[in-house]
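> Here you go, model_27.csv (CSV, C-alpha atoms):
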chain,number,residue,atom,x,y,z
A,1,MET,CA,104.8,-3.7,117.0
A,2,ASN,CA,107.7,-5.9,118.2
A,3,GLY,CA,110.9,-4.0,118.9
A,4,ARG,CA,109.3,-0.6,118.5
A,5,PHE,CA,108.2,2.3,120.7
A,6,ILE,CA,105.5,4.8,119.9
A,7,VAL,CA,106.1,8.5,119.6
A,8,THR,CA,103.1,10.9,119.2
A,9,TYR,CA,103.2,14.2,117.5
A,10,LEU,CA,100.6,17.0,117.2
A,11,VAL,CA,100.7,18.1,113.5
A,12,ARG,CA,99.1,21.1,111.9
A,13,SER,CA,97.7,20.0,108.5
A,14,ASP,CA,94.6,19.7,106.3
A,15,ALA,CA,92.8,16.4,106.2
A,16,GLY,CA,93.8,15.7,102.6
A,17,SER,CA,97.6,16.0,103.4
A,18,ILE,CA,97.9,14.4,106.8
A,19,ALA,CA,98.5,10.8,105.7
A,20,ALA,CA,101.5,11.9,103.5
A,21,ARG,CA,102.7,14.3,106.2
A,22,ALA,CA,102.6,11.4,108.8
A,23,ARG,CA,104.6,9.1,106.4
A,24,ALA,CA,107.1,11.9,105.9
A,25,ILE,CA,107.7,12.3,109.7
A,26,ALA,CA,108.1,8.5,110.0
A,27,VAL,CA,110.8,8.6,107.4
A,28,GLU,CA,112.4,11.8,108.8
A,29,GLN,CA,112.7,10.3,112.3
A,30,SER,CA,114.2,7.0,111.1
A,31,VAL,CA,116.2,6.7,107.9
A,32,GLU,CA,116.0,10.4,106.7
A,33,MET,CA,116.3,9.5,103.0
A,34,PRO,CA,114.0,8.6,100.2
A,35,LEU,CA,112.6,5.1,100.7
A,36,ASP,CA,113.3,4.0,97.2
A,37,ALA,CA,117.0,4.6,98.0
A,38,VAL,CA,116.8,2.1,100.9
A,39,THR,CA,117.8,-1.1,99.3
A,40,ASP,CA,118.4,-3.2,102.4
A,41,ALA,CA,115.3,-5.4,103.1
A,42,ASP,CA,116.1,-5.6,106.8
A,43,VAL,CA,116.3,-1.8,107.1
A,44,GLN,CA,113.1,-1.4,105.2
A,45,ALA,CA,111.3,-3.9,107.5
A,46,ASN,CA,112.8,-3.1,110.9
A,47,ILE,CA,114.3,0.4,110.9
A,48,VAL,CA,112.1,2.6,108.8
A,49,GLY,CA,109.5,4.3,110.9
A,50,GLN,CA,105.9,3.2,110.6
A,51,VAL,CA,102.7,5.2,110.9
A,52,ASP,CA,100.8,3.6,113.8
A,53,GLY,CA,97.7,5.9,113.7
A,54,ILE,CA,96.3,9.3,112.9
A,55,ALA,CA,93.5,11.0,114.9
A,56,ASP,CA,91.8,14.3,114.0
A,57,CYS,CA,92.0,16.6,117.1
A,58,GLY,CA,90.0,19.4,115.3
A,59,GLY,CA,91.1,22.8,114.3
A,60,GLY,CA,93.5,21.5,111.7
A,61,ARG,CA,95.5,19.5,114.2
A,62,PHE,CA,96.1,15.8,114.1
A,63,ALA,CA,97.7,13.4,116.6
A,64,VAL,CA,100.1,11.3,114.6
A,65,ARG,CA,101.5,8.1,116.1
A,66,ILE,CA,104.8,6.8,114.7
A,67,ALA,CA,106.4,3.5,115.6
A,68,LEU,CA,110.2,3.8,115.8
A,69,ALA,CA,112.7,1.0,116.1
A,70,ALA,CA,114.0,0.7,119.7
A,71,GLU,CA,117.2,-0.6,118.3
A,72,THR,CA,118.0,2.9,117.0
A,73,VAL,CA,118.1,4.3,120.5
A,74,GLY,CA,120.5,1.9,122.2
A,75,GLY,CA,119.6,3.1,125.7
A,76,ASP,CA,121.1,6.5,125.2
A,77,ALA,CA,119.1,9.5,126.4
A,78,ALA,CA,120.4,11.9,123.8
A,79,GLN,CA,119.8,9.5,121.0
A,80,LEU,CA,116.3,9.0,122.3
A,81,LEU,CA,115.6,12.7,121.8
A,82,ASN,CA,117.3,12.6,118.5
A,83,MET,CA,115.2,9.7,117.2
A,84,ALA,CA,112.0,11.0,118.7
A,85,PHE,CA,112.2,14.7,117.7
A,86,GLY,CA,115.6,15.5,116.2
A,87,ASN,CA,114.9,16.7,112.7
A,88,SER,CA,111.1,17.2,113.2
A,89,SER,CA,111.8,19.8,115.9
A,90,LEU,CA,113.0,22.0,113.0
A,91,GLN,CA,109.6,21.8,111.4
A,92,SER,CA,107.3,24.4,112.8
A,93,ASP,CA,104.1,22.4,112.2
A,94,VAL,CA,105.1,19.5,114.5
A,95,THR,CA,105.0,19.3,118.4
A,96,LEU,CA,106.2,16.3,120.3
A,97,VAL,CA,103.4,15.3,122.8
A,98,GLY,CA,103.9,11.7,123.7
A,99,LEU,CA,106.5,9.0,124.0
A,100,GLU,CA,106.5,5.4,125.2
A,101,SER,CA,109.7,4.5,126.8
A,102,PRO,CA,112.0,2.1,125.0
A,103,PRO,CA,114.0,-0.4,127.0
A,104,GLY,CA,117.3,0.6,128.6
A,105,PHE,CA,116.2,3.5,130.8
A,106,ALA,CA,116.4,3.1,134.6
A,107,GLY,CA,114.0,5.9,135.6
A,108,PRO,CA,114.2,7.3,139.1
A,109,ARG,CA,116.4,5.5,141.5
A,110,HIS,CA,114.9,7.0,144.7
A,111,GLY,CA,111.7,8.6,143.7
A,112,ILE,CA,108.8,9.5,145.9
A,113,ALA,CA,109.6,6.9,148.6
A,114,GLY,CA,113.2,7.9,148.7
A,115,LEU,CA,112.5,11.6,149.1
A,116,ARG,CA,109.9,10.8,151.8
A,117,ALA,CA,112.5,8.7,153.7
A,118,ARG,CA,115.0,11.6,153.5
A,119,ALA,CA,112.4,14.0,155.0
A,120,GLY,CA,111.1,11.5,157.5
A,121,ALA,CA,107.6,12.4,156.4
A,122,GLN,CA,104.6,10.2,155.5
A,123,GLY,CA,101.0,11.1,154.7
A,124,ARG,CA,101.6,14.7,153.8
A,125,ALA,CA,103.2,16.9,151.1
A,126,LEU,CA,106.8,17.8,151.4
A,127,THR,CA,108.1,21.4,151.7
A,128,CYS,CA,110.9,23.1,149.9
A,129,ALA,CA,112.4,26.6,149.6
A,130,ALA,CA,115.2,28.3,147.7
A,131,ILE,CA,118.1,30.3,148.8
A,132,LYS,CA,118.6,33.4,146.6
A,133,PRO,CA,119.3,36.0,145.1
A,134,GLN,CA,122.5,35.6,143.0
A,135,GLY,CA,125.3,37.9,144.1
A,136,LEU,CA,125.4,36.9,147.8
A,137,ALA,CA,128.5,35.4,149.2
A,138,PRO,CA,128.5,31.9,150.6
A,139,GLU,CA,128.2,33.0,154.2
A,140,ARG,CA,125.1,35.1,153.4
A,141,LEU,CA,123.5,32.2,151.6
A,142,ALA,CA,124.4,29.9,154.5
A,143,GLU,CA,122.6,32.3,156.8
A,144,LEU,CA,119.5,31.9,154.7
A,145,MET,CA,119.9,28.1,154.7
A,146,ALA,CA,120.0,28.1,158.5
A,147,ARG,CA,117.0,30.3,158.9
A,148,PHE,CA,114.9,28.1,156.6
A,149,ALA,CA,116.1,25.0,158.4
A,150,ARG,CA,115.2,26.4,161.8
A,151,GLY,CA,111.7,26.8,160.4
A,152,GLY,CA,111.4,23.1,159.8
A,153,LEU,CA,111.3,22.8,156.0
A,154,ASP,CA,112.1,19.4,154.4
A,155,PHE,CA,114.4,20.6,151.6
A,156,VAL,CA,116.1,23.9,150.8
A,157,LYS,CA,117.7,24.1,147.4
A,158,ASP,CA,120.1,26.5,145.7
A,159,ASP,CA,118.4,29.0,143.3
A,160,HIS,CA,119.0,27.4,139.9
A,161,GLY,CA,121.0,30.5,138.8
A,162,LEU,CA,123.6,29.7,141.5
A,163,ALA,CA,126.5,27.9,139.7
A,164,ASP,CA,130.2,28.4,140.3
A,165,GLN,CA,130.4,32.2,140.1
A,166,ALA,CA,133.2,34.2,141.6
A,167,TYR,CA,131.0,35.7,144.3
A,168,SER,CA,129.8,32.3,145.4
A,169,PRO,CA,132.1,29.4,144.3
A,170,PHE,CA,130.5,26.0,144.5
A,171,ALA,CA,133.4,24.6,146.5
A,172,ALA,CA,132.8,27.3,149.2
A,173,ARG,CA,129.1,27.6,149.0
A,174,VAL,CA,128.2,24.0,149.5
A,175,PRO,CA,130.2,23.3,152.6
A,176,ALA,CA,129.0,26.5,154.2
A,177,CYS,CA,125.3,25.7,153.5
A,178,ALA,CA,125.7,22.1,154.5
A,179,ALA,CA,127.3,23.2,157.8
A,180,ALA,CA,124.5,25.6,158.4
A,181,ALA,CA,122.0,22.8,157.9
A,182,ARG,CA,123.8,20.6,160.3
A,183,GLN,CA,124.1,23.4,162.9
A,184,ALA,CA,120.3,24.0,162.7
A,185,THR,CA,119.8,20.3,163.3
A,186,THR,CA,121.6,20.5,166.6
A,187,GLU,CA,119.2,23.3,167.6
A,188,THR,CA,116.0,21.8,166.4
A,189,GLY,CA,116.6,18.0,166.3
A,190,ARG,CA,115.4,17.8,162.8
A,191,LEU,CA,117.5,17.7,159.6
A,192,THR,CA,116.6,19.9,156.7
A,193,ARG,CA,118.1,18.6,153.4
A,194,TYR,CA,120.3,21.1,151.6
A,195,VAL,CA,120.1,20.6,147.9
A,196,PRO,CA,123.0,22.2,145.9
A,197,SER,CA,122.5,23.1,142.2
A,198,LEU,CA,125.0,21.3,140.0
A,199,SER,CA,126.0,22.8,136.6
A,200,GLY,CA,128.5,22.6,133.8
A,201,SER,CA,130.1,19.7,131.9
A,202,LEU,CA,130.0,16.1,133.0
A,203,ASP,CA,133.4,16.4,134.6
A,204,ARG,CA,132.2,19.4,136.6
A,205,LEU,CA,129.1,17.6,137.6
A,206,ARG,CA,131.2,14.7,138.8
A,207,SER,CA,133.5,17.0,140.8
A,208,GLN,CA,130.5,18.8,142.3
A,209,GLY,CA,128.8,15.5,143.1
A,210,ARG,CA,131.9,14.4,145.0
A,211,ILE,CA,131.9,17.6,147.0
A,212,ALA,CA,128.2,17.1,147.9
A,213,ARG,CA,128.9,13.5,149.0
A,214,ALA,CA,131.9,14.7,151.1
A,215,GLU,CA,129.5,17.1,152.9
A,216,GLY,CA,127.1,14.2,153.7
A,217,LEU,CA,124.5,15.4,151.2
A,218,ASP,CA,122.2,13.0,149.5
A,219,THR,CA,120.1,15.1,147.2
A,220,VAL,CA,121.2,17.5,144.4
A,221,MET,CA,119.5,19.6,141.7
A,222,VAL,CA,120.3,19.4,137.9
A,223,ALA,CA,118.8,21.1,134.8
A,224,PRO,CA,118.6,18.5,132.1
A,225,MET,CA,117.9,20.9,129.3
A,226,LEU,CA,121.0,22.9,130.1
A,227,ALA,CA,123.4,20.0,131.0
A,228,GLY,CA,122.0,17.6,128.3
A,229,PHE,CA,120.0,14.4,128.7
A,230,ALA,CA,123.0,12.1,128.1
A,231,THR,CA,125.0,14.0,130.7
A,232,ILE,CA,122.3,13.6,133.4
A,233,GLN,CA,121.8,10.0,132.5
A,234,ALA,CA,125.6,9.3,132.9
A,235,PHE,CA,125.7,11.3,136.2
A,236,ALA,CA,122.7,9.3,137.6
A,237,ARG,CA,124.5,6.1,136.8
A,238,GLU,CA,127.7,7.1,138.4
A,239,PHE,CA,126.1,8.6,141.5
A,240,PRO,CA,123.2,6.3,142.3
A,241,ASP,CA,123.2,7.3,145.9
A,242,LEU,CA,122.3,10.9,145.1
A,243,ALA,CA,118.6,11.7,144.5
A,244,LEU,CA,118.1,14.1,141.6
A,245,ILE,CA,115.7,17.0,141.5
A,246,ALA,CA,115.3,18.2,137.9
A,247,HIS,CA,114.9,21.9,137.2
A,248,PRO,CA,112.9,22.9,134.0
A,249,SER,CA,115.2,25.8,132.9
A,250,LEU,CA,115.1,26.2,129.1
A,251,GLY,CA,112.2,23.7,129.0
A,252,GLY,CA,110.2,26.1,126.9
A,253,ALA,CA,112.7,26.5,124.2
A,254,ALA,CA,111.6,23.4,122.2
A,255,ARG,CA,108.2,22.3,120.9
A,256,ILE,CA,107.9,19.5,123.4
A,257,ALA,CA,104.7,19.3,125.5
A,258,PRO,CA,105.5,20.2,129.1
A,259,GLU,CA,103.6,17.1,130.4
A,260,LEU,CA,105.9,14.9,128.3
A,261,LEU,CA,109.2,16.8,128.9
A,262,VAL,CA,108.9,17.3,132.6
A,263,GLY,CA,106.4,14.6,133.6
A,264,GLN,CA,107.9,11.8,131.6
A,265,LEU,CA,111.3,12.5,130.0
A,266,PHE,CA,112.9,14.0,133.1
A,267,PRO,CA,111.9,10.9,135.2
A,268,LEU,CA,113.0,8.6,132.4
A,269,ILE,CA,116.7,9.8,132.7
A,270,GLY,CA,116.7,9.5,136.4
A,271,ALA,CA,114.9,12.5,138.0
A,272,ASP,CA,113.5,11.6,141.4
A,273,ALA,CA,111.6,14.9,141.6
A,274,VAL,CA,110.7,17.4,138.9
A,275,ILE,CA,110.2,21.1,139.4
A,276,PHE,CA,107.6,22.8,137.1
A,277,PRO,CA,105.8,26.1,136.8
A,278,ASN,CA,102.6,26.2,138.9
A,279,TYR,CA,99.3,27.5,137.5
A,280,GLY,CA,98.4,31.0,138.5
A,281,GLY,CA,102.0,32.0,139.0
A,282,ARG,CA,104.3,33.9,136.7
A,283,PHE,CA,104.7,31.4,134.0
A,284,GLY,CA,101.2,30.8,132.7
A,285,TYR,CA,100.8,27.0,132.8
A,286,SER,CA,97.2,25.9,132.9
A,287,GLU,CA,95.6,23.8,135.7
A,288,THR,CA,95.2,21.0,133.1
A,289,THR,CA,98.9,21.1,132.1
A,290,CYS,CA,100.0,21.1,135.8
A,291,ARG,CA,97.7,18.2,136.6
A,292,ARG,CA,99.1,16.2,133.7
A,293,ILE,CA,102.7,16.9,134.6
A,294,ALA,CA,102.0,15.8,138.2
A,295,GLU,CA,100.2,12.7,137.2
A,296,GLY,CA,102.8,11.7,134.7
A,297,ALA,CA,105.6,12.2,137.2
A,298,ARG,CA,103.8,10.2,139.9
A,299,GLY,CA,103.1,7.5,137.3
A,300,ALA,CA,106.9,7.2,136.8
A,301,GLY,CA,107.5,7.1,140.6
A,302,THR,CA,108.8,10.7,140.6
A,303,LEU,CA,107.7,13.4,143.0
A,304,PRO,CA,106.1,16.5,141.3
A,305,VAL,CA,107.3,19.9,142.6
A,306,PRO,CA,105.1,22.9,141.6
A,307,ALA,CA,106.9,26.2,141.9
A,308,GLY,CA,107.2,29.7,140.5
A,309,GLY,CA,105.6,32.7,142.1
A,310,MET,CA,103.9,30.5,144.8
A,311,THR,CA,102.7,32.1,148.0
A,312,LEU,CA,102.1,30.9,151.5
A,313,ALA,CA,98.4,32.1,151.3
A,314,ARG,CA,97.8,29.6,148.4
A,315,VAL,CA,99.2,26.5,150.2
A,316,PRO,CA,95.8,25.1,151.2
A,317,GLU,CA,94.5,25.5,147.7
A,318,LEU,CA,97.5,23.9,146.2
A,319,LEU,CA,97.4,21.0,148.6
A,320,ASP,CA,93.8,20.4,147.7
A,321,PHE,CA,94.8,20.5,144.0
A,322,TYR,CA,97.9,18.3,144.1
A,323,GLY,CA,97.4,16.1,147.1
A,324,ALA,CA,99.9,14.6,149.5
A,325,GLU,CA,102.2,13.1,146.9
A,326,THR,CA,103.7,16.5,146.1
A,327,MET,CA,106.5,18.8,147.2
A,328,LEU,CA,105.6,22.5,147.4
A,329,LEU,CA,108.4,24.9,146.6
A,330,ILE,CA,108.1,28.5,147.8
A,331,GLY,CA,111.1,30.8,147.5
A,332,GLY,CA,110.6,34.6,147.0
A,333,ASN,CA,107.4,34.8,149.0
A,334,LEU,CA,109.1,33.4,152.1
A,335,LEU,CA,112.2,35.6,151.6
A,336,GLN,CA,109.9,38.7,151.6
A,337,ALA,CA,109.4,38.1,155.3
A,338,GLY,CA,112.9,39.5,156.0
A,339,ASP,CA,113.8,39.2,159.6
A,340,ARG,CA,110.8,36.9,160.1
A,341,LEU,CA,112.0,34.4,157.6
A,342,THR,CA,112.2,31.5,160.1
A,343,GLU,CA,108.8,32.2,161.4
A,344,GLN,CA,107.4,32.3,157.9
A,345,ALA,CA,109.1,29.1,157.0
A,346,ALA,CA,107.6,27.5,160.2
A,347,SER,CA,104.2,28.7,159.2
A,348,PHE,CA,104.7,27.0,155.8
A,349,ALA,CA,105.8,23.8,157.4
A,350,LYS,CA,102.9,23.8,159.9
A,351,CYS,CA,100.3,24.6,157.2
A,352,VAL,CA,101.4,21.5,155.2
A,353,ALA,CA,101.7,19.3,158.2
A,354,THR,CA,98.2,20.0,159.5
A,355,HIS,CA,96.4,20.0,156.2
A,356,THR,CA,93.6,17.5,155.9
A,357,TYR,CA,94.1,15.4,152.7
A,358,GLU,CA,91.3,13.7,151.0
A,359,ALA,CA,91.7,9.9,150.7
A,360,PRO,CA,93.1,9.0,147.2
Written as structure tokens, that's how I'd like the structure from this file.


Amino acid sequence: MNGRFIVTYLVRSDAGSIAARARAIAVEQSVEMPLDAVTDADVQANIVGQVDGIADCGGGRFAVRIALAAETVGGDAAQLLNMAFGNSSLQSDVTLVGLESPPGFAGPRHGIAGLRARAGAQGRALTCAAIKPQGLAPERLAELMARFARGGLDFVKDDHGLADQAYSPFAARVPACAAAARQATTETGRLTRYVPSLSGSLDRLRSQGRIARAEGLDTVMVAPMLAGFATIQAFAREFPDLALIAHPSLGGAARIAPELLVGQLFPLIGADAVIFPNYGGRFGYSETTCRRIAEGARGAGTLPVPAGGMTLARVPELLDFYGAETMLLIGGNLLQAGDRLTEQAASFAKCVATHTYEAP
């Protein structure tokens, strides 16, 4: 359908009611009023949502495809969410499971190739760790940064809970950790990218982005569900030199399928890498969901980053499952090594570097 994009919903219904339910969703997500009150012929023809298909998924569930007018989005990420799932998200029988991107969205600016270039790594998965816990002063976090870097990891990010707290102000933490990464480089000859976590309003993100730039950093982490899609979209446009790693915090608070939210929507607003809960960890995502997230992200040119309760012992298994176009993120399990943190990080890096990957 010309000028339209397809949104797919999983709807609970009986077979006799699903056609009417689909039409109701199409109206709710477009003009949100009785159709007999829409007197403008152009609105009726070009703006009112249209049912594009209904498929029976079994068990009283139906996949409903609705064609919405791309003109109603206008290239704005928040408005895309509003048109795709705004009012219907308030209806407990509807889950958003698919969305074809309308025009006006840049997608990742650096993506898999850009992150590989930053790491200076080809033909293998990338490695990442997290500095934590909350409550540590900047100098303590910088010490952890240095120890991870000496172990040869590609990226080390802030824990997503680190923001601008009094015990670790952003303006003090980021220079300290960036300096620790640079010092480790003088010792090892290899640069580990420090990735600060940005948070707050758009003005705060801008200020934090400038601090990151001033420290020579080129990769940052954001949480789209906390900051807002439009905010991340605006930040990505204003800081095109910074690669964005998207964190999924609050991603389970809405009925949006994880493979769509993390694997497609986050890349759509500019995420170059997406973190998501790995199967078998502490969050309960299935292998199928994780595979779909990873495949969706790669399809958009974005690097998938499985995380959450990952262990060094599982690295070979996870590399076999996800392949080389992946960044593995291990945090707490490495930090459990205590005084042997650098050695444990080095073991992680070596395991990834020496793994034999099957040809795609």

> Which residue is closest to A:Ala67? Choose from A:Gln29, A:Asp164, A:Asn87, A:Pro103 and count all atoms listed in the file.

A:Gln29

> So what do you get for atom CA of A:Ile112 versus atom CA of A:Lys157, distance-wise?

17.2 Å

> Quick one: residues within 9 Å of stretch 309-312 of chain A, all atoms listed in the file counted, chain neighbours fewer than 2 positions away excluded, as a ChimeraX atom specification?

/A:277-278,280-283,306-307,314-316,328-334,344,347-348,351

> Measuring atom to atom with all atoms listed in the file, identify which of A:Ala121, A:Ala178, A:Thr188, A:Gly107 is nearest to A:Gly299.

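Once distances to A:Gly299 are computed over all atoms listed in the file, the minimum belongs to A:Gly107.
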
> What are the closest atom pairs, with distances in Å to one decimal, for each residue of stretch 182-268 of chain A lying within 12 Å of stretch 2-21 of chain A, using all atoms listed in the file, rows by chain and rising residue number, as a tab-separated table?


residue	atom	partner	partner_atom	distance
A:Arg255	CA	A:Leu10	CA	10.0
A:Ile256	CA	A:Tyr9	CA	9.2
A:Ala257	CA	A:Leu10	CA	9.5
A:Leu260	CA	A:Thr8	CA	10.3

> Can you tell me, as a PyMOL selection string, which residues sit within 12 Å of (125.8, 28.3, 140.3) in the file's frame, using all atoms listed in the file?

chain A and resi 131-138+157-174+196-200+204-205+208+221-223

> Can you build me a table of stretch 189-304 of chain A residues sitting at most 12 Å from stretch 90-97 of chain A, with the closest atom pair per residue and its distance in Å to one decimal, using all atoms listed in the file, sorted by chain and residue number, as JSON lines?


{"residue": "A:Ala254", "atom": "CA", "partner": "A:Thr95", "partner_atom": "CA", "distance": 8.6}
{"residue": "A:Arg255", "atom": "CA", "partner": "A:Thr95", "partner_atom": "CA", "distance": 5.0}
{"residue": "A:Ile256", "atom": "CA", "partner": "A:Leu96", "partner_atom": "CA", "distance": 4.8}
{"residue": "A:Ala257", "atom": "CA", "partner": "A:Val97", "partner_atom": "CA", "distance": 5.0}
{"residue": "A:Pro258", "atom": "CA", "partner": "A:Val97", "partner_atom": "CA", "distance": 8.3}
{"residue": "A:Glu259", "atom": "CA", "partner": "A:Val97", "partner_atom": "CA", "distance": 7.8}
{"residue": "A:Leu260", "atom": "CA", "partner": "A:Val97", "partner_atom": "CA", "distance": 6.1}
{"residue": "A:Leu261", "atom": "CA", "partner": "A:Val97", "partner_atom": "CA", "distance": 8.5}
{"residue": "A:Val262", "atom": "CA", "partner": "A:Val97", "partner_atom": "CA", "distance": 11.4}
{"residue": "A:Gly263", "atom": "CA", "partner": "A:Val97", "partner_atom": "CA", "distance": 11.2}
{"residue": "A:Gln264", "atom": "CA", "partner": "A:Val97", "partner_atom": "CA", "distance": 10.5}
{"residue": "A:Leu265", "atom": "CA", "partner": "A:Val97", "partner_atom": "CA", "distance": 11.0}
{"residue": "A:Thr289", "atom": "CA", "partner": "A:Val97", "partner_atom": "CA", "distance": 11.8}
{"residue": "A:Arg292", "atom": "CA", "partner": "A:Val97", "partner_atom": "CA", "distance": 11.8}
{"residue": "A:Ile293", "atom": "CA", "partner": "A:Val97", "partner_atom": "CA", "distance": 11.9}

> Please save C-alpha atoms of the selected residues as an mmCIF file, in the frame of the given file.


data_model
loop_
_atom_site.group_PDB
_atom_site.id
_atom_site.type_symbol
_atom_site.label_atom_id
_atom_site.label_comp_id
_atom_site.auth_asym_id
_atom_site.auth_seq_id
_atom_site.Cartn_x
_atom_site.Cartn_y
_atom_site.Cartn_z
ATOM 1 C CA ALA A 254 111.600 23.400 122.200
ATOM 2 C CA ARG A 255 108.200 22.300 120.900
ATOM 3 C CA ILE A 256 107.900 19.500 123.400
ATOM 4 C CA ALA A 257 104.700 19.300 125.500
ATOM 5 C CA PRO A 258 105.500 20.200 129.100
ATOM 6 C CA GLU A 259 103.600 17.100 130.400
ATOM 7 C CA LEU A 260 105.900 14.900 128.300
ATOM 8 C CA LEU A 261 109.200 16.800 128.900
ATOM 9 C CA VAL A 262 108.900 17.300 132.600
ATOM 10 C CA GLY A 263 106.400 14.600 133.600
ATOM 11 C CA GLN A 264 107.900 11.800 131.600
ATOM 12 C CA LEU A 265 111.300 12.500 130.000
ATOM 13 C CA THR A 289 98.900 21.100 132.100
ATOM 14 C CA ARG A 292 99.100 16.200 133.700
ATOM 15 C CA ILE A 293 102.700 16.900 134.600
#
